[in-house]
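Student: If it helps, the file is called data08.cif and holds mmCIF, N, CA, C and O atoms:
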data_start
loop_
_atom_site.label_atom_id
_atom_site.label_comp_id
_atom_site.auth_asym_id
_atom_site.auth_seq_id
_atom_site.Cartn_x
_atom_site.Cartn_y
_atom_site.Cartn_z
N MET A 1 -54.59 22.13 29.31
CA MET A 1 -53.49 21.88 30.21
C MET A 1 -52.69 23.15 30.49
O MET A 1 -52.21 23.35 31.57
N LYS A 2 -52.54 24.04 29.46
CA LYS A 2 -51.81 25.27 29.66
C LYS A 2 -52.49 26.15 30.71
O LYS A 2 -51.83 26.80 31.50
N LYS A 3 -53.82 26.15 30.72
CA LYS A 3 -54.56 26.96 31.68
C LYS A 3 -54.27 26.49 33.11
O LYS A 3 -54.12 27.30 34.01
N ALA A 4 -54.15 25.20 33.29
CA ALA A 4 -53.86 24.65 34.61
C ALA A 4 -52.48 25.09 35.09
O ALA A 4 -52.28 25.37 36.27
N ARG A 5 -51.51 25.18 34.21
CA ARG A 5 -50.17 25.64 34.58
C ARG A 5 -50.23 27.08 35.10
O ARG A 5 -49.58 27.43 36.06
N HIS A 6 -50.98 27.92 34.42
CA HIS A 6 -51.09 29.32 34.84
C HIS A 6 -51.77 29.44 36.20
O HIS A 6 -51.39 30.29 37.00
N ILE A 7 -52.73 28.59 36.45
CA ILE A 7 -53.44 28.64 37.73
C ILE A 7 -52.48 28.30 38.87
O ILE A 7 -52.50 28.92 39.92
N PHE A 8 -51.60 27.33 38.66
CA PHE A 8 -50.65 26.94 39.70
C PHE A 8 -49.42 27.85 39.74
O PHE A 8 -48.83 28.05 40.79
N ALA A 9 -49.05 28.42 38.62
CA ALA A 9 -47.86 29.26 38.56
C ALA A 9 -48.08 30.62 39.22
O ALA A 9 -47.17 31.16 39.85
N ALA A 10 -49.26 31.16 39.12
CA ALA A 10 -49.53 32.50 39.68
C ALA A 10 -49.30 32.55 41.19
O ALA A 10 -48.61 33.45 41.67
N PRO A 11 -49.86 31.62 41.99
CA PRO A 11 -49.60 31.69 43.43
C PRO A 11 -48.12 31.49 43.79
O PRO A 11 -47.61 32.13 44.71
N VAL A 12 -47.46 30.61 43.06
CA VAL A 12 -46.04 30.37 43.33
C VAL A 12 -45.23 31.63 43.02
O VAL A 12 -44.39 32.05 43.82
N LEU A 13 -45.51 32.24 41.90
CA LEU A 13 -44.81 33.46 41.52
C LEU A 13 -45.10 34.58 42.52
O LEU A 13 -44.20 35.30 42.95
N GLY A 14 -46.33 34.69 42.94
CA GLY A 14 -46.71 35.71 43.92
C GLY A 14 -45.99 35.51 45.24
O GLY A 14 -45.52 36.47 45.86
N SER A 15 -45.88 34.27 45.69
CA SER A 15 -45.20 34.03 46.96
C SER A 15 -43.71 34.30 46.85
O SER A 15 -43.08 34.77 47.80
N LEU A 16 -43.10 34.05 45.70
CA LEU A 16 -41.69 34.35 45.50
C LEU A 16 -41.44 35.86 45.53
O LEU A 16 -40.47 36.32 46.12
N ILE A 17 -42.32 36.62 44.90
CA ILE A 17 -42.18 38.07 44.91
C ILE A 17 -42.34 38.59 46.33
O ILE A 17 -41.58 39.43 46.80
N TRP A 18 -43.32 38.09 47.07
CA TRP A 18 -43.55 38.50 48.45
C TRP A 18 -42.33 38.17 49.32
O TRP A 18 -41.89 38.98 50.12
N ALA A 19 -41.77 36.98 49.15
CA ALA A 19 -40.61 36.56 49.95
C ALA A 19 -39.40 37.44 49.64
O ALA A 19 -38.66 37.82 50.55
N SER A 20 -39.18 37.78 48.38
CA SER A 20 -38.03 38.61 48.04
C SER A 20 -38.21 40.03 48.55
O SER A 20 -37.26 40.67 48.97
N ALA A 21 -39.43 40.54 48.56
CA ALA A 21 -39.68 41.88 49.09
C ALA A 21 -39.46 41.89 50.60
O ALA A 21 -38.92 42.85 51.16
N ALA A 22 -39.87 40.85 51.29
CA ALA A 22 -39.68 40.77 52.74
C ALA A 22 -38.20 40.66 53.08
O ALA A 22 -37.74 41.22 54.06
N ALA A 23 -37.44 39.95 52.25
CA ALA A 23 -36.01 39.78 52.50
C ALA A 23 -35.25 41.08 52.25
O ALA A 23 -34.18 41.29 52.80
N ALA A 24 -35.80 41.97 51.43
CA ALA A 24 -35.13 43.21 51.08
C ALA A 24 -35.19 44.25 52.21
O ALA A 24 -34.47 45.22 52.18
N VAL A 25 -36.06 44.06 53.19
CA VAL A 25 -36.16 45.01 54.30
C VAL A 25 -34.93 44.85 55.19
O VAL A 25 -34.70 43.78 55.74
N PRO A 26 -34.12 45.91 55.33
CA PRO A 26 -32.92 45.79 56.15
C PRO A 26 -33.28 45.65 57.63
O PRO A 26 -34.28 46.19 58.09
N PRO A 27 -32.46 44.95 58.38
CA PRO A 27 -32.74 44.75 59.81
C PRO A 27 -32.52 46.04 60.60
O PRO A 27 -31.69 46.87 60.22
N ARG A 28 -33.24 46.19 61.69
CA ARG A 28 -33.05 47.33 62.59
C ARG A 28 -31.85 47.04 63.49
O ARG A 28 -31.66 45.93 63.94
N ILE A 29 -31.05 48.06 63.73
CA ILE A 29 -29.87 47.96 64.57
C ILE A 29 -30.17 48.68 65.88
O ILE A 29 -30.59 49.85 65.87
N SER A 30 -29.95 48.02 67.00
CA SER A 30 -30.19 48.63 68.31
C SER A 30 -28.93 49.33 68.80
O SER A 30 -27.81 48.89 68.52
N PHE A 31 -29.12 50.41 69.55
CA PHE A 31 -28.01 51.13 70.15
C PHE A 31 -28.43 51.69 71.50
O PHE A 31 -29.61 51.81 71.79
N SER A 32 -27.45 52.03 72.31
CA SER A 32 -27.69 52.64 73.62
C SER A 32 -26.41 53.33 74.04
O SER A 32 -25.34 52.73 74.04
N GLY A 33 -26.51 54.62 74.37
CA GLY A 33 -25.34 55.36 74.79
C GLY A 33 -25.61 56.84 74.91
O GLY A 33 -26.75 57.29 74.77
N CYS A 34 -24.57 57.58 75.17
CA CYS A 34 -24.68 59.03 75.34
C CYS A 34 -24.59 59.75 74.00
O CYS A 34 -23.77 59.40 73.15
N VAL A 35 -25.42 60.76 73.86
CA VAL A 35 -25.40 61.58 72.65
C VAL A 35 -24.27 62.59 72.78
O VAL A 35 -24.19 63.33 73.77
N ARG A 36 -23.38 62.58 71.81
CA ARG A 36 -22.24 63.49 71.81
C ARG A 36 -22.21 64.25 70.48
O ARG A 36 -22.73 63.75 69.47
N PRO A 37 -21.58 65.42 70.48
CA PRO A 37 -21.44 66.13 69.21
C PRO A 37 -20.45 65.41 68.31
O PRO A 37 -19.45 64.87 68.79
N GLY A 38 -20.74 65.40 67.02
CA GLY A 38 -19.80 64.82 66.07
C GLY A 38 -18.69 65.82 65.76
O GLY A 38 -18.68 66.95 66.26
N VAL A 39 -17.75 65.40 64.93
CA VAL A 39 -16.65 66.29 64.59
C VAL A 39 -17.10 67.43 63.67
O VAL A 39 -16.49 68.48 63.64
N GLU A 40 -18.18 67.21 62.94
CA GLU A 40 -18.73 68.24 62.06
C GLU A 40 -19.92 68.92 62.74
O GLU A 40 -20.63 68.31 63.53
N HIS A 41 -20.13 70.17 62.42
CA HIS A 41 -21.21 70.97 63.01
C HIS A 41 -22.57 70.30 62.81
O HIS A 41 -22.88 69.82 61.74
N ARG A 42 -23.37 70.24 63.88
CA ARG A 42 -24.73 69.71 63.92
C ARG A 42 -24.82 68.18 63.80
O ARG A 42 -25.90 67.63 63.68
N CYS A 43 -23.69 67.49 63.80
CA CYS A 43 -23.71 66.03 63.76
C CYS A 43 -23.81 65.47 65.18
O CYS A 43 -23.24 66.03 66.11
N LEU A 44 -24.58 64.39 65.32
CA LEU A 44 -24.77 63.72 66.61
C LEU A 44 -24.33 62.28 66.49
O LEU A 44 -24.67 61.59 65.52
N VAL A 45 -23.57 61.81 67.49
CA VAL A 45 -23.10 60.43 67.50
C VAL A 45 -23.38 59.80 68.86
O VAL A 45 -23.52 60.49 69.87
N VAL A 46 -23.49 58.48 68.86
CA VAL A 46 -23.68 57.70 70.08
C VAL A 46 -22.69 56.56 70.07
O VAL A 46 -22.64 55.78 69.12
N HIS A 47 -21.86 56.47 71.12
CA HIS A 47 -20.97 55.32 71.30
C HIS A 47 -21.79 54.24 71.98
O HIS A 47 -22.25 54.42 73.10
N SER A 48 -21.99 53.14 71.30
CA SER A 48 -22.75 52.01 71.85
C SER A 48 -21.83 50.80 71.84
O SER A 48 -21.60 50.20 70.78
N GLY A 49 -21.29 50.47 72.99
CA GLY A 49 -20.29 49.40 73.03
C GLY A 49 -19.06 49.85 72.27
O GLY A 49 -18.53 50.92 72.52
N GLU A 50 -18.63 49.05 71.33
CA GLU A 50 -17.46 49.37 70.52
C GLU A 50 -17.81 50.10 69.23
O GLU A 50 -16.92 50.43 68.45
N VAL A 51 -19.10 50.34 68.99
CA VAL A 51 -19.54 50.91 67.71
C VAL A 51 -19.97 52.36 67.90
O VAL A 51 -20.64 52.71 68.88
N LEU A 52 -19.60 53.21 66.96
CA LEU A 52 -20.02 54.60 66.94
C LEU A 52 -21.14 54.73 65.92
O LEU A 52 -20.98 54.36 64.75
N PHE A 53 -22.29 55.23 66.36
CA PHE A 53 -23.43 55.40 65.47
C PHE A 53 -23.67 56.88 65.21
O PHE A 53 -23.61 57.70 66.12
N ASN A 54 -23.95 57.21 63.96
CA ASN A 54 -24.31 58.56 63.55
C ASN A 54 -25.83 58.65 63.63
O ASN A 54 -26.54 58.03 62.84
N VAL A 55 -26.35 59.41 64.60
CA VAL A 55 -27.81 59.52 64.81
C VAL A 55 -28.31 60.92 64.44
O VAL A 55 -29.34 61.37 64.93
N THR A 56 -27.60 61.60 63.57
CA THR A 56 -27.96 62.95 63.15
C THR A 56 -29.36 63.00 62.55
O THR A 56 -30.06 64.00 62.69
N ALA A 57 -29.81 61.94 61.91
CA ALA A 57 -31.12 61.91 61.25
C ALA A 57 -32.28 61.73 62.23
O ALA A 57 -33.44 61.76 61.82
N ALA A 58 -32.01 61.58 63.52
CA ALA A 58 -33.07 61.36 64.51
C ALA A 58 -33.96 62.60 64.61
O ALA A 58 -33.50 63.72 64.70
N ARG A 59 -35.26 62.37 64.56
CA ARG A 59 -36.25 63.44 64.73
C ARG A 59 -37.28 62.99 65.74
O ARG A 59 -37.85 61.92 65.55
N PRO A 60 -37.51 63.74 66.80
CA PRO A 60 -36.82 64.96 67.16
C PRO A 60 -35.37 64.67 67.55
O PRO A 60 -35.04 63.54 67.91
N ARG A 61 -34.55 65.70 67.51
CA ARG A 61 -33.14 65.53 67.84
C ARG A 61 -32.97 65.34 69.34
O ARG A 61 -33.52 66.12 70.12
N PRO A 62 -32.23 64.34 69.77
CA PRO A 62 -31.99 64.18 71.21
C PRO A 62 -31.02 65.24 71.71
O PRO A 62 -30.22 65.78 70.95
N ALA A 63 -31.11 65.53 72.99
CA ALA A 63 -30.23 66.53 73.62
C ALA A 63 -28.83 65.96 73.80
O ALA A 63 -28.65 64.76 74.04
N LEU A 64 -27.85 66.83 73.69
CA LEU A 64 -26.46 66.43 73.91
C LEU A 64 -26.26 65.99 75.36
O LEU A 64 -26.91 66.51 76.28
N ASN A 65 -25.34 65.05 75.55
CA ASN A 65 -24.95 64.55 76.87
C ASN A 65 -26.11 63.92 77.63
O ASN A 65 -26.12 63.94 78.86
N ARG A 66 -27.07 63.35 76.91
CA ARG A 66 -28.16 62.59 77.51
C ARG A 66 -28.05 61.16 77.00
O ARG A 66 -27.71 60.92 75.84
N TRP A 67 -28.38 60.19 77.85
CA TRP A 67 -28.33 58.78 77.47
C TRP A 67 -29.61 58.44 76.73
O TRP A 67 -30.70 58.76 77.19
N ILE A 68 -29.47 57.81 75.57
CA ILE A 68 -30.64 57.36 74.82
C ILE A 68 -30.46 55.89 74.43
O ILE A 68 -29.35 55.37 74.43
N ALA A 69 -31.57 55.26 74.12
CA ALA A 69 -31.57 53.91 73.57
C ALA A 69 -32.56 53.91 72.42
O ALA A 69 -33.53 54.67 72.42
N GLY A 70 -32.30 53.08 71.44
CA GLY A 70 -33.21 53.03 70.30
C GLY A 70 -32.71 52.09 69.23
O GLY A 70 -31.88 51.22 69.48
N SER A 71 -33.25 52.31 68.04
CA SER A 71 -32.86 51.49 66.90
C SER A 71 -33.00 52.31 65.63
O SER A 71 -33.66 53.34 65.60
N GLY A 72 -32.36 51.82 64.58
CA GLY A 72 -32.42 52.48 63.29
C GLY A 72 -32.00 51.51 62.19
O GLY A 72 -31.62 50.37 62.47
N ILE A 73 -32.09 51.97 60.98
CA ILE A 73 -31.71 51.16 59.82
C ILE A 73 -30.43 51.74 59.24
O ILE A 73 -30.33 52.96 59.05
N ARG A 74 -29.48 50.86 58.98
CA ARG A 74 -28.19 51.29 58.42
C ARG A 74 -28.43 51.94 57.05
O ARG A 74 -29.10 51.37 56.20
N ALA A 75 -27.86 53.12 56.87
CA ALA A 75 -27.97 53.84 55.60
C ALA A 75 -26.66 53.75 54.85
O ALA A 75 -25.59 53.67 55.47
N GLY A 76 -26.74 53.76 53.56
CA GLY A 76 -25.54 53.71 52.74
C GLY A 76 -25.16 55.09 52.26
O GLY A 76 -25.92 56.05 52.40
N GLY A 77 -24.00 55.22 51.72
CA GLY A 77 -23.57 56.48 51.15
C GLY A 77 -22.82 57.35 52.13
O GLY A 77 -22.78 57.10 53.33
N ALA A 78 -22.23 58.39 51.60
CA ALA A 78 -21.44 59.32 52.41
C ALA A 78 -22.33 60.39 53.03
O ALA A 78 -23.38 60.72 52.48
N THR A 79 -21.92 60.88 54.17
CA THR A 79 -22.65 61.97 54.82
C THR A 79 -21.68 63.09 55.13
O THR A 79 -20.47 62.91 55.10
N ILE A 80 -22.21 64.23 55.47
CA ILE A 80 -21.38 65.37 55.84
C ILE A 80 -20.67 65.10 57.16
O ILE A 80 -19.62 65.66 57.44
N CYS A 81 -21.23 64.21 58.00
CA CYS A 81 -20.64 63.93 59.31
C CYS A 81 -19.36 63.10 59.21
O CYS A 81 -18.49 63.21 60.07
N MET A 82 -19.26 62.25 58.24
CA MET A 82 -18.07 61.46 57.97
C MET A 82 -17.58 60.64 59.15
O MET A 82 -16.37 60.44 59.32
N GLN A 83 -18.48 60.19 60.02
CA GLN A 83 -18.05 59.32 61.11
C GLN A 83 -19.22 58.46 61.57
O GLN A 83 -20.37 58.86 61.49
N GLY A 84 -18.89 57.29 62.02
CA GLY A 84 -19.89 56.39 62.58
C GLY A 84 -20.73 55.68 61.53
O GLY A 84 -20.70 56.00 60.35
N VAL A 85 -21.49 54.71 62.01
CA VAL A 85 -22.44 53.98 61.17
C VAL A 85 -23.68 54.85 61.05
O VAL A 85 -24.35 55.13 62.05
N GLN A 86 -23.97 55.30 59.85
CA GLN A 86 -25.10 56.20 59.64
C GLN A 86 -26.42 55.42 59.76
O GLN A 86 -26.60 54.39 59.12
N LEU A 87 -27.33 55.94 60.59
CA LEU A 87 -28.64 55.33 60.76
C LEU A 87 -29.74 56.25 60.24
O LEU A 87 -29.63 57.47 60.32
N THR A 88 -30.80 55.64 59.72
CA THR A 88 -32.00 56.36 59.32
C THR A 88 -33.19 55.68 60.00
O THR A 88 -33.02 54.65 60.64
N ALA A 89 -34.35 56.25 59.83
CA ALA A 89 -35.58 55.70 60.44
C ALA A 89 -35.34 55.40 61.92
O ALA A 89 -35.64 54.33 62.42
N ILE A 90 -34.77 56.37 62.60
CA ILE A 90 -34.35 56.20 64.00
C ILE A 90 -35.53 56.37 64.94
O ILE A 90 -36.27 57.34 64.85
N ARG A 91 -35.68 55.41 65.84
CA ARG A 91 -36.63 55.51 66.95
C ARG A 91 -35.79 55.50 68.22
O ARG A 91 -34.95 54.62 68.39
N TRP A 92 -36.03 56.45 69.10
CA TRP A 92 -35.21 56.53 70.31
C TRP A 92 -36.03 57.04 71.48
O TRP A 92 -37.10 57.61 71.31
N HIS A 93 -35.48 56.84 72.69
CA HIS A 93 -36.07 57.36 73.91
C HIS A 93 -34.95 57.61 74.92
O HIS A 93 -33.89 56.99 74.85
N TYR A 94 -35.22 58.56 75.84
CA TYR A 94 -34.24 58.83 76.89
C TYR A 94 -34.22 57.69 77.90
O TYR A 94 -35.23 57.05 78.14
N VAL A 95 -33.04 57.46 78.48
CA VAL A 95 -32.85 56.43 79.50
C VAL A 95 -32.39 57.14 80.77
O VAL A 95 -31.57 58.05 80.71
N ARG A 96 -32.91 56.72 81.91
CA ARG A 96 -32.50 57.31 83.19
C ARG A 96 -31.13 56.77 83.58
O ARG A 96 -31.01 55.86 84.39
N ARG A 97 -30.14 57.32 82.97
CA ARG A 97 -28.76 56.94 83.23
C ARG A 97 -27.90 58.16 82.97
O ARG A 97 -28.13 58.89 82.00
N LEU A 98 -26.92 58.39 83.81
CA LEU A 98 -26.05 59.54 83.65
C LEU A 98 -24.94 59.24 82.65
O LEU A 98 -24.37 58.15 82.64
N CYS A 99 -24.63 60.23 81.85
CA CYS A 99 -23.52 60.11 80.92
C CYS A 99 -22.23 60.44 81.64
O CYS A 99 -22.19 61.37 82.46
N PRO A 100 -21.16 59.72 81.35
CA PRO A 100 -19.86 60.08 81.93
C PRO A 100 -19.40 61.42 81.35
O PRO A 100 -19.90 61.86 80.31
N ALA A 101 -18.47 62.04 82.00
CA ALA A 101 -17.93 63.31 81.49
C ALA A 101 -17.39 63.11 80.08
O ALA A 101 -16.78 62.07 79.78
N ALA A 102 -17.64 64.07 79.23
CA ALA A 102 -17.18 63.98 77.84
C ALA A 102 -15.66 64.08 77.79
O ALA A 102 -15.06 64.87 78.51
N ARG A 103 -15.05 63.26 76.95
CA ARG A 103 -13.60 63.31 76.76
C ARG A 103 -13.26 64.45 75.83
O ARG A 103 -14.02 64.78 74.92
N PRO A 104 -12.10 65.06 76.02
CA PRO A 104 -11.66 66.11 75.09
C PRO A 104 -11.53 65.54 73.68
O PRO A 104 -11.24 64.35 73.51
N PRO A 105 -11.76 66.36 72.66
CA PRO A 105 -11.63 65.89 71.28
C PRO A 105 -10.28 65.28 71.00
O PRO A 105 -9.25 65.77 71.46
N GLY A 106 -10.26 64.18 70.29
CA GLY A 106 -9.02 63.52 69.91
C GLY A 106 -8.51 62.50 70.91
O GLY A 106 -7.64 61.71 70.62
N GLU A 107 -9.05 62.50 72.12
CA GLU A 107 -8.60 61.54 73.14
C GLU A 107 -9.27 60.19 72.89
O GLU A 107 -10.44 60.12 72.64
N ARG A 108 -8.50 59.15 72.98
CA ARG A 108 -9.02 57.79 72.78
C ARG A 108 -9.36 57.17 74.12
O ARG A 108 -9.00 57.65 75.16
N ASN A 109 -10.06 55.98 74.05
CA ASN A 109 -10.45 55.26 75.26
C ASN A 109 -9.31 55.02 76.18
O ASN A 109 -8.33 54.58 76.12
#
Could you rewrite the structure in this file as structure tokens?
Tutor:
Amino acid sequence: MKKARHIFAAPVLGSLIWASAAAAVPPRISFSGCVRPGVEHRCLVVHSGEVLFNVTAARPRPALNRWIAGSGIRAGGATICMQGVQLTAIRWHYVRRLCPAARPPGERN
């Protein structure tokens, strides 16, 4: 009887491990907006709606003042850029849309 328990327990245990591993994958976050310089040197940010995203980790690096769309995974921890929602594993592409003139530093909407 003990052998029968092990035969049934192994698939159940395996499916639980698989389900927990799948649940651990963070969701991808979509963004779309103009690439602007961050407040710190070499930092890149994108205003997408009401959210500011830090896309400094994007490879290849998108050009400043170009509209991009893409997605990434939210990263934890502090960065040298100190602004925006930090994204990693970024996938992006240029969009045929003109960026509005950049606002002077410190100016709000």
Student: Under the rule that only C-alpha atoms are counted, which of A:Ile68, A:Cys81, A:Val39, A:Leu44 is the nearest residue to Arg96 of chain A?
Tutor: A:Ile68
Student: Find the distance between atom N of Val95 of chain A and atom C of Ala69 of chain A and write it in Å to one decimal.
Tutor: 7.0 Å
Student: Quick one: residues within 8 Å of (-19.6, 56.0, 61.8) (file frame), counting all atoms listed in the file, please, as a PyMOL selection string.
Tutor: chain A and resi 46+51-54+81-87
Student: What gap, in Å, lies between atom CA of Arg42 of chain A and atom CA of Cys99 of chain A?
Tutor: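 These two atoms are separated by 19.6 Å.
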Student: Select all residues near (-34.2, 48.9, 70.3) (cut-off 8 Å, inclusive, file coordinates), counting only C-alpha atoms, and output them as a ChimeraX atom specification.
Tutor: /A:28-31,69-71,91-92
Student: Take the residues from that selection and write them out as an mmCIF file, in the frame of the given file, keeping N, CA, C and O atoms.
Tutor:
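Output contents, as saved in selection-v4.cif:
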data_model
loop_
_atom_site.group_PDB
_atom_site.id
_atom_site.type_symbol
_atom_site.label_atom_id
_atom_site.label_comp_id
_atom_site.auth_asym_id
_atom_site.auth_seq_id
_atom_site.Cartn_x
_atom_site.Cartn_y
_atom_site.Cartn_z
ATOM 1 N N ARG A 28 -33.240 46.190 61.690
ATOM 2 C CA ARG A 28 -33.050 47.330 62.590
ATOM 3 C C ARG A 28 -31.850 47.040 63.490
ATOM 4 O O ARG A 28 -31.660 45.930 63.940
ATOM 5 N N ILE A 29 -31.050 48.060 63.730
ATOM 6 C CA ILE A 29 -29.870 47.960 64.570
ATOM 7 C C ILE A 29 -30.170 48.680 65.880
ATOM 8 O O ILE A 29 -30.590 49.850 65.870
ATOM 9 N N SER A 30 -29.950 48.020 67.000
ATOM 10 C CA SER A 30 -30.190 48.630 68.310
ATOM 11 C C SER A 30 -28.930 49.330 68.800
ATOM 12 O O SER A 30 -27.810 48.890 68.520
ATOM 13 N N PHE A 31 -29.120 50.410 69.550
ATOM 14 C CA PHE A 31 -28.010 51.130 70.150
ATOM 15 C C PHE A 31 -28.430 51.690 71.500
ATOM 16 O O PHE A 31 -29.610 51.810 71.790
ATOM 17 N N ALA A 69 -31.570 55.260 74.120
ATOM 18 C CA ALA A 69 -31.570 53.910 73.570
ATOM 19 C C ALA A 69 -32.560 53.910 72.420
ATOM 20 O O ALA A 69 -33.530 54.670 72.420
ATOM 21 N N GLY A 70 -32.300 53.080 71.440
ATOM 22 C CA GLY A 70 -33.210 53.030 70.300
ATOM 23 C C GLY A 70 -32.710 52.090 69.230
ATOM 24 O O GLY A 70 -31.880 51.220 69.480
ATOM 25 N N SER A 71 -33.250 52.310 68.040
ATOM 26 C CA SER A 71 -32.860 51.490 66.900
ATOM 27 C C SER A 71 -33.000 52.310 65.630
ATOM 28 O O SER A 71 -33.660 53.340 65.600
ATOM 29 N N ARG A 91 -35.680 55.410 65.840
ATOM 30 C CA ARG A 91 -36.630 55.510 66.950
ATOM 31 C C ARG A 91 -35.790 55.500 68.220
ATOM 32 O O ARG A 91 -34.950 54.620 68.390
ATOM 33 N N TRP A 92 -36.030 56.450 69.100
ATOM 34 C CA TRP A 92 -35.210 56.530 70.310
ATOM 35 C C TRP A 92 -36.030 57.040 71.480
ATOM 36 O O TRP A 92 -37.100 57.610 71.310
#
